[in-house]
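One file, query.pdb, is given below (PDB, C-alpha atoms, pLDDT in the B column).
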ATOM      1  CA  MET W 241     -10.606   0.788 -10.989  1.00 92.00           C
ATOM      2  CA  ASN W 242     -14.203  -0.401 -10.864  1.00 94.00           C
ATOM      3  CA  ILE W 243     -16.147  -1.153  -7.675  1.00 93.00           C
ATOM      4  CA  SER W 244     -19.749  -1.891  -6.768  1.00 91.00           C
ATOM      5  CA  MET W 245     -22.098   0.632  -5.158  1.00 91.00           C
ATOM      6  CA  ASN W 246     -22.245  -1.529  -2.027  1.00 92.00           C
ATOM      7  CA  GLU W 247     -18.445  -1.530  -1.696  1.00 94.00           C
ATOM      8  CA  LEU W 248     -18.287   2.242  -2.048  1.00 95.00           C
ATOM      9  CA  ASN W 249     -21.131   2.827   0.397  1.00 95.00           C
ATOM     10  CA  ALA W 250     -19.568   0.614   3.072  1.00 94.00           C
ATOM     11  CA  ALA W 251     -16.129   2.222   2.669  1.00 95.00           C
ATOM     12  CA  LEU W 252     -17.550   5.753   2.846  1.00 95.00           C
ATOM     13  CA  ARG W 253     -19.544   4.953   5.980  1.00 94.00           C
ATOM     14  CA  ARG W 254     -16.388   3.678   7.685  1.00 93.00           C
ATOM     15  CA  CYS W 255     -14.506   6.767   6.520  1.00 92.00           C
ATOM     16  CA  PHE W 256     -17.015   9.217   8.002  1.00 91.00           C
ATOM     17  CA  GLU W 257     -17.525   7.237  11.200  1.00 91.00           C
ATOM     18  CA  ALA W 258     -13.761   7.182  11.750  1.00 90.00           C
ATOM     19  CA  THR W 259     -13.507  10.941  11.247  1.00 86.00           C
ATOM     20  CA  GLY W 260     -16.049  11.734  13.950  1.00 84.00           C
ATOM     21  CA  TYR W 261     -19.433  11.940  12.217  1.00 83.00           C
ATOM     22  CA  PHE W 262     -22.347  11.056  14.476  1.00 81.00           C
ATOM     23  CA  VAL W 263     -24.477   7.955  14.033  1.00 80.00           C
ATOM     24  CA  GLY W 264     -26.937   8.710  11.238  1.00 79.00           C
ATOM     25  CA  ASN W 265     -24.792  11.574   9.931  1.00 84.00           C
ATOM     26  CA  TYR W 266     -22.105   9.269   8.569  1.00 89.00           C
ATOM     27  CA  GLU W 267     -24.763   7.188   6.809  1.00 92.00           C
ATOM     28  CA  ASP W 268     -26.335  10.339   5.323  1.00 92.00           C
ATOM     29  CA  ALA W 269     -22.916  11.592   4.149  1.00 94.00           C
ATOM     30  CA  ALA W 270     -22.076   8.303   2.450  1.00 95.00           C
ATOM     31  CA  ASN W 271     -25.487   8.195   0.759  1.00 96.00           C
ATOM     32  CA  MET W 272     -25.157  11.788  -0.518  1.00 97.00           C
ATOM     33  CA  ILE W 273     -21.856  11.000  -2.254  1.00 97.00           C
ATOM     34  CA  LEU W 274     -23.111   7.707  -3.637  1.00 97.00           C
ATOM     35  CA  TRP W 275     -26.342   9.301  -4.900  1.00 97.00           C
ATOM     36  CA  LEU W 276     -24.491  11.908  -6.967  1.00 97.00           C
ATOM     37  CA  GLU W 277     -22.019   9.389  -8.339  1.00 96.00           C
ATOM     38  CA  LYS W 278     -24.531   6.747  -9.369  1.00 94.00           C
ATOM     39  CA  HIS W 279     -26.751   9.352 -11.060  1.00 96.00           C
ATOM     40  CA  GLY W 280     -23.957  10.750 -13.227  1.00 95.00           C
ATOM     41  CA  LEU W 281     -23.330  13.912 -11.182  1.00 96.00           C
ATOM     42  CA  LYS W 282     -19.689  13.393 -10.157  1.00 94.00           C
ATOM     43  CA  GLY W 283     -20.133  12.667  -6.463  1.00 96.00           C
ATOM     44  CA  LEU W 284     -16.589  11.348  -6.050  1.00 97.00           C
ATOM     45  CA  GLU W 285     -15.145  14.457  -7.704  1.00 95.00           C
ATOM     46  CA  GLU W 286     -17.109  16.642  -5.271  1.00 94.00           C
ATOM     47  CA  PHE W 287     -16.036  14.474  -2.335  1.00 96.00           C
ATOM     48  CA  LYS W 288     -12.393  14.785  -3.375  1.00 94.00           C
ATOM     49  CA  ARG W 289     -12.715  18.550  -2.954  1.00 90.00           C
ATOM     50  CA  ALA W 290     -14.211  18.048   0.515  1.00 89.00           C
ATOM     51  CA  LEU W 291     -11.648  15.489   1.667  1.00 88.00           C
ATOM     52  CA  PRO W 292      -9.018  17.919   3.051  1.00 83.00           C
ATOM     53  CA  TYR W 293     -11.644  19.518   5.326  1.00 81.00           C
ATOM     54  CA  ILE W 294     -13.313  16.467   6.863  1.00 81.00           C
ATOM     55  CA  ASP W 295     -11.277  16.523  10.078  1.00 77.00           C
ATOM     56  CA  ALA W 296     -11.682  20.304  10.440  1.00 79.00           C
ATOM     57  CA  ASP W 297     -15.471  20.108  10.127  1.00 77.00           C
ATOM     58  CA  ARG W 298     -15.892  18.109  13.319  1.00 74.00           C
ATOM     59  CA  GLU W 299     -14.223  20.901  15.313  1.00 79.00           C
ATOM     60  CA  LYS W 300     -16.688  23.546  14.078  1.00 85.00           C
ATOM     61  CA  VAL W 301     -19.774  24.585  16.016  1.00 88.00           C
ATOM     62  CA  LEU W 302     -23.134  23.246  14.871  1.00 87.00           C
ATOM     63  CA  SER W 303     -25.374  25.119  12.451  1.00 92.00           C
ATOM     64  CA  SER W 304     -27.538  27.819  14.034  1.00 95.00           C
ATOM     65  CA  VAL W 305     -30.824  29.497  13.093  1.00 96.00           C
ATOM     66  CA  VAL W 306     -30.195  33.234  12.670  1.00 96.00           C
ATOM     67  CA  TYR W 307     -33.813  34.142  11.869  1.00 98.00           C
ATOM     68  CA  GLU W 308     -37.083  32.231  11.657  1.00 98.00           C
ATOM     69  CA  ASP W 309     -40.770  32.849  11.047  1.00 97.00           C
ATOM     70  CA  ARG W 310     -43.665  30.677   9.847  1.00 97.00           C
ATOM     71  CA  THR W 311     -42.564  30.398   6.217  1.00 98.00           C
ATOM     72  CA  SER W 312     -38.846  31.193   6.215  1.00 98.00           C
ATOM     73  CA  ALA W 313     -35.550  30.826   8.043  1.00 98.00           C
ATOM     74  CA  ILE W 314     -31.924  31.894   7.726  1.00 98.00           C
ATOM     75  CA  ILE W 315     -29.341  29.320   8.816  1.00 97.00           C
ATOM     76  CA  ASP W 316     -25.624  29.784   9.445  1.00 96.00           C
ATOM     77  CA  SER W 317     -23.830  26.487   8.802  1.00 94.00           C
ATOM     78  CA  GLN W 318     -20.593  27.815  10.335  1.00 93.00           C
ATOM     79  CA  GLY W 319     -18.435  26.803   7.384  1.00 91.00           C
ATOM     80  CA  ARG W 320     -19.407  23.137   7.564  1.00 91.00           C
ATOM     81  CA  SER W 321     -19.772  20.766   4.630  1.00 92.00           C
ATOM     82  CA  ALA W 322     -23.238  20.035   3.281  1.00 94.00           C
ATOM     83  CA  LEU W 323     -22.372  16.407   4.013  1.00 93.00           C
ATOM     84  CA  ASN W 324     -23.054  16.941   7.708  1.00 88.00           C
ATOM     85  CA  CYS W 325     -25.567  19.787   7.830  1.00 91.00           C
ATOM     86  CA  ILE W 326     -27.698  20.275   4.702  1.00 94.00           C
ATOM     87  CA  ALA W 327     -30.206  17.455   5.318  1.00 93.00           C
ATOM     88  CA  ALA W 328     -31.455  19.261   8.447  1.00 94.00           C
ATOM     89  CA  SER W 329     -32.035  22.466   6.444  1.00 96.00           C
ATOM     90  CA  VAL W 330     -34.108  20.581   3.859  1.00 97.00           C
ATOM     91  CA  ASP W 331     -36.061  18.892   6.662  1.00 96.00           C
ATOM     92  CA  LEU W 332     -36.870  22.327   8.122  1.00 97.00           C
ATOM     93  CA  ALA W 333     -38.082  23.557   4.715  1.00 97.00           C
ATOM     94  CA  HIS W 334     -40.183  20.392   4.359  1.00 97.00           C
ATOM     95  CA  ALA W 335     -41.797  20.849   7.786  1.00 97.00           C
ATOM     96  CA  LYS W 336     -42.647  24.514   7.158  1.00 98.00           C
ATOM     97  CA  ALA W 337     -44.075  23.729   3.713  1.00 97.00           C
ATOM     98  CA  LEU W 338     -46.283  21.002   5.176  1.00 96.00           C
ATOM     99  CA  GLU W 339     -47.666  23.425   7.740  1.00 97.00           C
ATOM    100  CA  ASN W 340     -47.905  26.600   5.668  1.00 97.00           C
ATOM    101  CA  GLY W 341     -47.908  25.541   2.004  1.00 97.00           C
ATOM    102  CA  ILE W 342     -44.593  27.138   1.076  1.00 97.00           C
ATOM    103  CA  ALA W 343     -41.246  27.845   2.723  1.00 98.00           C
ATOM    104  CA  THR W 344     -37.957  29.543   1.872  1.00 98.00           C
ATOM    105  CA  ILE W 345     -34.743  28.635   3.680  1.00 98.00           C
ATOM    106  CA  THR W 346     -31.492  30.511   3.113  1.00 97.00           C
ATOM    107  CA  VAL W 347     -28.313  28.744   4.201  1.00 97.00           C
ATOM    108  CA  HIS W 348     -25.028  30.631   4.635  1.00 95.00           C
ATOM    109  CA  ASN W 349     -21.446  29.421   5.125  1.00 94.00           C
ATOM    110  CA  CYS W 350     -21.994  25.944   3.715  1.00 94.00           C
ATOM    111  CA  HIS W 351     -19.634  24.258   1.257  1.00 92.00           C
ATOM    112  CA  ASN W 352     -20.065  21.222  -1.057  1.00 94.00           C
ATOM    113  CA  ARG W 353     -23.668  22.275  -1.629  1.00 96.00           C
ATOM    114  CA  LYS W 354     -24.148  19.978  -4.613  1.00 97.00           C
ATOM    115  CA  PHE W 355     -24.657  17.163  -2.106  1.00 97.00           C
ATOM    116  CA  ILE W 356     -28.113  18.632  -1.418  1.00 97.00           C
ATOM    117  CA  LEU W 357     -29.508  16.665  -4.377  1.00 98.00           C
ATOM    118  CA  LYS W 358     -29.994  13.492  -2.319  1.00 97.00           C
ATOM    119  CA  ALA W 359     -31.980  15.421   0.323  1.00 97.00           C
ATOM    120  CA  LEU W 360     -34.034  17.160  -2.383  1.00 97.00           C
ATOM    121  CA  THR W 361     -34.870  13.799  -3.949  1.00 97.00           C
ATOM    122  CA  ASP W 362     -36.005  12.394  -0.599  1.00 96.00           C
ATOM    123  CA  CYS W 363     -38.205  15.472  -0.116  1.00 96.00           C
ATOM    124  CA  GLY W 364     -39.849  15.076  -3.528  1.00 96.00           C
ATOM    125  CA  ARG W 365     -40.528  11.410  -2.942  1.00 96.00           C
ATOM    126  CA  ARG W 366     -42.307  12.363   0.298  1.00 94.00           C
ATOM    127  CA  GLY W 367     -44.744  14.471  -1.750  1.00 95.00           C
ATOM    128  CA  ILE W 368     -43.221  17.950  -1.388  1.00 96.00           C
ATOM    129  CA  SER W 369     -41.875  19.921  -4.373  1.00 98.00           C
ATOM    130  CA  VAL W 370     -38.538  21.677  -3.826  1.00 98.00           C
ATOM    131  CA  VAL W 371     -35.991  23.861  -5.655  1.00 98.00           C
ATOM    132  CA  ALA W 372     -32.429  24.784  -4.678  1.00 98.00           C
ATOM    133  CA  TYR W 373     -30.119  27.449  -6.142  1.00 96.00           C
ATOM    134  CA  TRP W 374     -26.486  28.319  -5.384  1.00 96.00           C
ATOM    135  CA  GLN W 375     -23.316  29.797  -6.865  1.00 93.00           C
ATOM    136  CA  ASN W 376     -19.744  28.508  -6.665  1.00 91.00           C
ATOM    137  CA  GLY W 377     -16.482  30.087  -7.562  1.00 82.00           C
ATOM    138  CA  ASN W 378     -12.971  31.216  -6.844  1.00 77.00           C
ATOM    139  CA  SER W 379     -11.634  32.717 -10.050  1.00 81.00           C
ATOM    140  CA  VAL W 380     -14.618  31.519 -12.150  1.00 88.00           C
ATOM    141  CA  VAL W 381     -18.201  31.660 -10.870  1.00 90.00           C
ATOM    142  CA  THR W 382     -20.687  28.905 -11.727  1.00 92.00           C
ATOM    143  CA  GLU W 383     -24.451  28.796 -11.141  1.00 93.00           C
ATOM    144  CA  HIS W 384     -26.319  25.662 -10.070  1.00 95.00           C
ATOM    145  CA  THR W 385     -29.968  24.769  -9.625  1.00 96.00           C
ATOM    146  CA  ALA W 386     -31.898  21.567  -8.973  1.00 97.00           C
ATOM    147  CA  ALA W 387     -35.581  20.783  -8.549  1.00 97.00           C
ATOM    148  CA  ILE W 388     -38.000  17.931  -8.051  1.00 98.00           C
ATOM    149  CA  LYS W 389     -41.784  17.883  -8.321  1.00 97.00           C
ATOM    150  CA  ALA W 390     -43.954  16.313  -5.653  1.00 97.00           C
ATOM    151  CA  GLY W 391     -44.074  12.552  -6.050  1.00 96.00           C
ATOM    152  CA  ASP W 392     -41.343  12.352  -8.706  1.00 97.00           C
ATOM    153  CA  ARG W 393     -38.527   9.854  -8.276  1.00 96.00           C
ATOM    154  CA  TYR W 394     -35.736  11.931  -9.815  1.00 97.00           C
ATOM    155  CA  PRO W 395     -34.817  15.641  -9.907  1.00 97.00           C
ATOM    156  CA  CYS W 396     -33.556  17.808 -12.754  1.00 97.00           C
ATOM    157  CA  TYR W 397     -30.219  19.609 -12.449  1.00 97.00           C
ATOM    158  CA  SER W 398     -28.478  22.379 -14.365  1.00 95.00           C
ATOM    159  CA  GLU W 399     -25.262  24.369 -14.093  1.00 94.00           C
ATOM    160  CA  ALA W 400     -23.473  27.019 -16.145  1.00 93.00           C
ATOM    161  CA  THR W 401     -20.279  29.049 -16.124  1.00 92.00           C
ATOM    162  CA  THR W 402     -20.889  32.789 -15.720  1.00 90.00           C
ATOM    163  CA  ASP W 403     -18.975  36.009 -16.219  1.00 88.00           C
ATOM    164  CA  LEU W 404     -19.896  37.245 -12.734  1.00 85.00           C
ATOM    165  CA  GLU W 405     -17.252  38.771 -10.484  1.00 83.00           C
ATOM    166  CA  MET W 406     -16.679  37.204  -7.084  1.00 77.00           C
ATOM    167  CA  SER W 407     -17.725  40.492  -5.473  1.00 73.00           C
ATOM    168  CA  GLU W 408     -21.226  39.910  -6.906  1.00 70.00           C
ATOM    169  CA  VAL W 409     -21.530  36.442  -5.372  1.00 73.00           C
ATOM    170  CA  ASP W 410     -22.854  35.499  -1.917  1.00 78.00           C
ATOM    171  CA  ALA W 411     -20.175  32.862  -1.395  1.00 75.00           C
ATOM    172  CA  GLN W 412     -21.186  29.581   0.238  1.00 90.00           C
ATOM    173  CA  ALA W 413     -24.900  30.510   0.264  1.00 95.00           C
ATOM    174  CA  LEU W 414     -27.819  28.338  -0.799  1.00 96.00           C
ATOM    175  CA  THR W 415     -31.528  29.056  -1.262  1.00 98.00           C
ATOM    176  CA  ILE W 416     -34.155  26.336  -0.786  1.00 98.00           C
ATOM    177  CA  ILE W 417     -37.807  26.840  -1.761  1.00 98.00           C
ATOM    178  CA  CYS W 418     -40.279  24.136  -0.775  1.00 97.00           C
ATOM    179  CA  SER W 419     -44.032  23.801  -1.433  1.00 98.00           C
ATOM    180  CA  SER W 420     -46.774  21.338  -0.580  1.00 97.00           C
ATOM    181  CA  ARG W 421     -49.256  23.100  -2.899  1.00 96.00           C
ATOM    182  CA  VAL W 422     -47.314  24.136  -6.025  1.00 95.00           C
ATOM    183  CA  ASP W 423     -45.087  22.028  -8.254  1.00 95.00           C
ATOM    184  CA  LEU W 424     -41.781  23.843  -8.515  1.00 95.00           C
ATOM    185  CA  THR W 425     -39.262  23.532 -11.310  1.00 93.00           C
ATOM    186  CA  SER W 426     -36.038  25.296 -12.239  1.00 92.00           C
ATOM    187  CA  SER W 427     -33.505  25.791 -14.996  1.00 87.00           C
ATOM    188  CA  LEU W 428     -30.860  28.423 -15.578  1.00 88.00           C
ATOM    189  CA  GLN W 429     -31.863  31.278 -17.851  1.00 77.00           C
ATOM    190  CA  GLN W 430     -29.931  31.974 -21.022  1.00 75.00           C
ATOM    191  CA  SER W 431     -28.360  34.929 -19.239  1.00 74.00           C
ATOM    192  CA  LYS W 432     -25.698  37.079 -20.839  1.00 75.00           C
ATOM    193  CA  GLY W 433     -22.284  35.663 -20.025  1.00 76.00           C
ATOM    194  CA  ASN W 434     -23.526  32.151 -19.176  1.00 82.00           C
ATOM    195  CA  THR W 435     -21.557  29.481 -21.051  1.00 83.00           C
ATOM    196  CA  GLN W 436     -20.923  25.730 -20.907  1.00 83.00           C
ATOM    197  CA  ALA W 437     -24.467  25.153 -19.711  1.00 88.00           C
ATOM    198  CA  ILE W 438     -25.387  21.622 -18.642  1.00 90.00           C
ATOM    199  CA  TYR W 439     -28.954  20.450 -18.121  1.00 92.00           C
ATOM    200  CA  LEU W 440     -30.021  16.992 -16.981  1.00 95.00           C
ATOM    201  CA  ASP W 441     -33.728  16.268 -16.875  1.00 95.00           C
ATOM    202  CA  SER W 442     -35.191  13.628 -14.575  1.00 96.00           C
ATOM    203  CA  GLN W 443     -35.287  11.021 -17.358  1.00 96.00           C
ATOM    204  CA  GLN W 444     -31.551  11.385 -18.009  1.00 96.00           C
ATOM    205  CA  VAL W 445     -30.816  11.124 -14.277  1.00 96.00           C
ATOM    206  CA  ALA W 446     -32.759   7.828 -14.240  1.00 96.00           C
ATOM    207  CA  VAL W 447     -30.823   6.562 -17.282  1.00 96.00           C
ATOM    208  CA  ASN W 448     -27.525   7.409 -15.599  1.00 95.00           C
ATOM    209  CA  LYS W 449     -28.516   5.354 -12.565  1.00 94.00           C
ATOM    210  CA  ALA W 450     -29.419   2.330 -14.699  1.00 93.00           C
ATOM    211  CA  LYS W 451     -25.993   2.433 -16.337  1.00 91.00           C
ATOM    212  CA  THR W 452     -24.208   2.609 -12.987  1.00 91.00           C
ATOM    213  CA  VAL W 453     -26.204  -0.306 -11.582  1.00 88.00           C
ATOM    214  CA  GLU W 454     -25.163  -2.377 -14.593  1.00 88.00           C
ATOM    215  CA  LEU W 455     -21.537  -1.298 -14.950  1.00 89.00           C
ATOM    216  CA  GLY W 456     -20.456  -0.345 -11.421  1.00 89.00           C
ATOM    217  CA  ILE W 457     -18.530   2.776 -10.366  1.00 94.00           C
ATOM    218  CA  ASP W 458     -15.141   3.859 -11.658  1.00 94.00           C
ATOM    219  CA  ILE W 459     -12.944   5.352  -8.946  1.00 95.00           C
ATOM    220  CA  ASP W 460      -9.406   6.696  -8.913  1.00 95.00           C
ATOM    221  CA  PRO W 461      -7.216   4.113  -7.104  1.00 95.00           C
ATOM    222  CA  ASP W 462      -5.573   6.833  -4.987  1.00 95.00           C
ATOM    223  CA  LEU W 463      -8.963   8.137  -3.801  1.00 95.00           C
ATOM    224  CA  TRP W 464     -10.121   4.585  -3.025  1.00 95.00           C
ATOM    225  CA  ALA W 465      -6.952   4.014  -1.010  1.00 95.00           C
ATOM    226  CA  GLU W 466      -7.472   7.278   0.926  1.00 93.00           C
ATOM    227  CA  ILE W 467     -11.104   6.438   1.743  1.00 94.00           C
ATOM    228  CA  ASN W 468     -10.040   3.056   3.091  1.00 93.00           C
ATOM    229  CA  ARG W 469      -7.062   4.548   4.973  1.00 92.00           C
ATOM    230  CA  LEU W 470      -9.381   6.923   6.820  1.00 90.00           C
ATOM    231  CA  GLY W 471     -11.773   4.064   7.563  1.00 89.00           C
ATOM    232  CA  THR W 472      -9.095   1.942   9.223  1.00 89.00           C
ATOM    233  CA  GLY W 473      -9.695   3.866  12.466  1.00 72.00           C
ATOM    234  CA  ILE W 474     -13.074   2.165  12.783  1.00 67.00           C
ATOM    235  CA  LEU W 475     -11.676  -1.262  11.888  1.00 50.00           C
ATOM    236  CA  VAL W 476      -8.928  -0.959  14.503  1.00 48.00           C
ATOM    237  CA  SER W 477     -11.341   0.280  17.151  1.00 47.00           C
ATOM    238  CA  ASN W 478     -13.805  -2.529  16.477  1.00 46.00           C
ATOM    239  CA  SER W 479     -11.034  -5.138  16.604  1.00 43.00           C
ATOM    240  CA  GLU W 480      -9.835  -3.853  19.979  1.00 48.00           C
ATOM    241  CA  GLN W 481     -13.371  -3.877  21.356  1.00 45.00           C
ATOM    242  CA  SER W 482     -13.861  -7.412  20.078  1.00 38.00           C
ATOM    243  CA  ARG W 483     -10.676  -8.589  21.793  1.00 40.00           C
ATOM    244  CA  GLN W 484     -11.674  -6.930  25.061  1.00 45.00           C
ATOM    245  CA  GLY W 485     -15.108  -8.500  24.860  1.00 45.00           C
ATOM    246  CA  ALA W 486     -13.648 -11.934  24.206  1.00 39.00           C
ATOM    247  CA  GLY W 487     -11.212 -11.595  27.103  1.00 41.00           C
ATOM    248  CA  GLY W 488     -13.933 -10.626  29.524  1.00 41.00           C
ATOM    249  CA  ARG W 489     -15.924 -13.819  29.108  1.00 36.00           C
TER
END

Would you put the structure from the file into structure tokens?
Amino acid sequence: MNISMNELNAALRRCFEATGYFVGNYEDAANMILWLEKHGLKGLEEFKRALPYIDADREKVLSSVVYEDRTSAIIDSQGRSALNCIAASVDLAHAKALENGIATITVHNCHNRKFILKALTDCGRRGISVVAYWQNGNSVVTEHTAAIKAGDRYPCYSEATTDLEMSEVDAQALTIICSSRVDLTSSLQQSKGNTQAIYLDSQQVAVNKAKTVELGIDIDPDLWAEINRLGTGILVSNSEQSRQGAGGR
């Protein structure tokens, strides 16, 4: 089925608010999914993988800083989704880069890391260049990297399938490098064992957005139904509050 970006954004915000995301966080989460989807980067597919864990995430402790100095930090995200923690890590990298010229943030125990692209884009548009790199995998390991130059409107993104063993991979880790003085860029090397490489430059990302604006977003009817089912908690709560308010006048 086909829906508009506004419909999807509103439904996702209700979904995350109903499942316990804080004010601001549920808006960020909805925008991260929508950003990937409307720029041709399969945001709904990534969200579908996160869906079974949404309720569990709200029971986990908040991210903590394990180590920090002027130009770097190590953050433990406690197994949370990037949907509710990665924006803060990018903000920390941005602040350190503004003060010191460059910063490196390493994030551990964070899943759905592809959602970082929205936060990276916001950082670039604020005049700070940034790169992110991570690996995914259970039986097959994939590499991912994204970057945006200072002042650009859109990032580039690349991914590839590797022949790495899981024992070689720092699972659920992410590296962020941010600079206020150097324009950073990234792409995956033609490393031995890398196959099925995908590279989207910033121009292609912009083209993908234009197509989505014109044609709308295709969504699996079952996923759309599940998003709206989760969001009914907010609709019910608001209706009850409205009735109580009306009765008290």

Non-local contacts of Leu428 of chain W (9 Å; only C-alpha atoms; under 5 positions in same chain excluded) as an mmCIF file with C-alpha atoms, in the frame of the given file:
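What landed in part.cif:
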data_model
loop_
_atom_site.group_PDB
_atom_site.id
_atom_site.type_symbol
_atom_site.label_atom_id
_atom_site.label_comp_id
_atom_site.auth_asym_id
_atom_site.auth_seq_id
_atom_site.Cartn_x
_atom_site.Cartn_y
_atom_site.Cartn_z
ATOM 1 C CA GLU W 383 -24.451 28.796 -11.141
ATOM 2 C CA HIS W 384 -26.319 25.662 -10.070
ATOM 3 C CA THR W 385 -29.968 24.769 -9.625
ATOM 4 C CA SER W 398 -28.478 22.379 -14.365
ATOM 5 C CA GLU W 399 -25.262 24.369 -14.093
ATOM 6 C CA ALA W 400 -23.473 27.019 -16.145
ATOM 7 C CA ASN W 434 -23.526 32.151 -19.176
ATOM 8 C CA ALA W 437 -24.467 25.153 -19.711
ATOM 9 C CA TYR W 439 -28.954 20.450 -18.121
#

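If only C-alpha atoms are the atoms counted, then among W:Glu454, W:Lys389, W:Ser369, W:Ile356 the closest residue to Leu276 of chain W is W:Ile356.
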
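Using all atoms listed in the file, the nearest neighbour of Asn246 of chain W within the list W:Ile315, W:Gly264, W:Thr452, W:Ala465 is W:Thr452.
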
Subject >> Residues within 8 Å of segment 405-418 of chain W, only C-alpha atoms, excluding chain neighbours under 2 positions, as a ChimeraX atom specification >> reply: /W:330,333-334,337,342-351,353,368-381,403,420,424

Write to file, as a PDB file, keeping the file's coordinate frame, the residues of the selection just made, with C-alpha atoms.
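Generated file (result-v2.pdb):
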ATOM      1  CA  VAL W 330     -34.108  20.581   3.859  1.00 97.00           C
ATOM      2  CA  ALA W 333     -38.082  23.557   4.715  1.00 97.00           C
ATOM      3  CA  HIS W 334     -40.183  20.392   4.359  1.00 97.00           C
ATOM      4  CA  ALA W 337     -44.075  23.729   3.713  1.00 97.00           C
ATOM      5  CA  ILE W 342     -44.593  27.138   1.076  1.00 97.00           C
ATOM      6  CA  ALA W 343     -41.246  27.845   2.723  1.00 98.00           C
ATOM      7  CA  THR W 344     -37.957  29.543   1.872  1.00 98.00           C
ATOM      8  CA  ILE W 345     -34.743  28.635   3.680  1.00 98.00           C
ATOM      9  CA  THR W 346     -31.492  30.511   3.113  1.00 97.00           C
ATOM     10  CA  VAL W 347     -28.313  28.744   4.201  1.00 97.00           C
ATOM     11  CA  HIS W 348     -25.028  30.631   4.635  1.00 95.00           C
ATOM     12  CA  ASN W 349     -21.446  29.421   5.125  1.00 94.00           C
ATOM     13  CA  CYS W 350     -21.994  25.944   3.715  1.00 94.00           C
ATOM     14  CA  HIS W 351     -19.634  24.258   1.257  1.00 92.00           C
ATOM     15  CA  ARG W 353     -23.668  22.275  -1.629  1.00 96.00           C
ATOM     16  CA  ILE W 368     -43.221  17.950  -1.388  1.00 96.00           C
ATOM     17  CA  SER W 369     -41.875  19.921  -4.373  1.00 98.00           C
ATOM     18  CA  VAL W 370     -38.538  21.677  -3.826  1.00 98.00           C
ATOM     19  CA  VAL W 371     -35.991  23.861  -5.655  1.00 98.00           C
ATOM     20  CA  ALA W 372     -32.429  24.784  -4.678  1.00 98.00           C
ATOM     21  CA  TYR W 373     -30.119  27.449  -6.142  1.00 96.00           C
ATOM     22  CA  TRP W 374     -26.486  28.319  -5.384  1.00 96.00           C
ATOM     23  CA  GLN W 375     -23.316  29.797  -6.865  1.00 93.00           C
ATOM     24  CA  ASN W 376     -19.744  28.508  -6.665  1.00 91.00           C
ATOM     25  CA  GLY W 377     -16.482  30.087  -7.562  1.00 82.00           C
ATOM     26  CA  ASN W 378     -12.971  31.216  -6.844  1.00 77.00           C
ATOM     27  CA  SER W 379     -11.634  32.717 -10.050  1.00 81.00           C
ATOM     28  CA  VAL W 380     -14.618  31.519 -12.150  1.00 88.00           C
ATOM     29  CA  VAL W 381     -18.201  31.660 -10.870  1.00 90.00           C
ATOM     30  CA  ASP W 403     -18.975  36.009 -16.219  1.00 88.00           C
ATOM     31  CA  SER W 420     -46.774  21.338  -0.580  1.00 97.00           C
ATOM     32  CA  LEU W 424     -41.781  23.843  -8.515  1.00 95.00           C
TER      33      LEU W 424
END

**OP:** For the structure shown, which residues end up in the PyMOL selection byres ((chain W and resi 270) around 10)? Put them as an MDAnalysis selection string, please?
**Re:** chainID W and resid 248:257 265:269 271:275 287 323

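Of note, atom CA of Asn448 of chain W and atom CA of Gly280 of chain W are spaced 5.4 Å apart.
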
**OP:** Kindly resolve the PyMOL selection byres ((chain W and resi 441) around 10) on the present coordinates and return the residues as a VMD selection string.
**Re:** chain W and resid 386 to 388 394 to 398 427 439 to 440 442 to 446
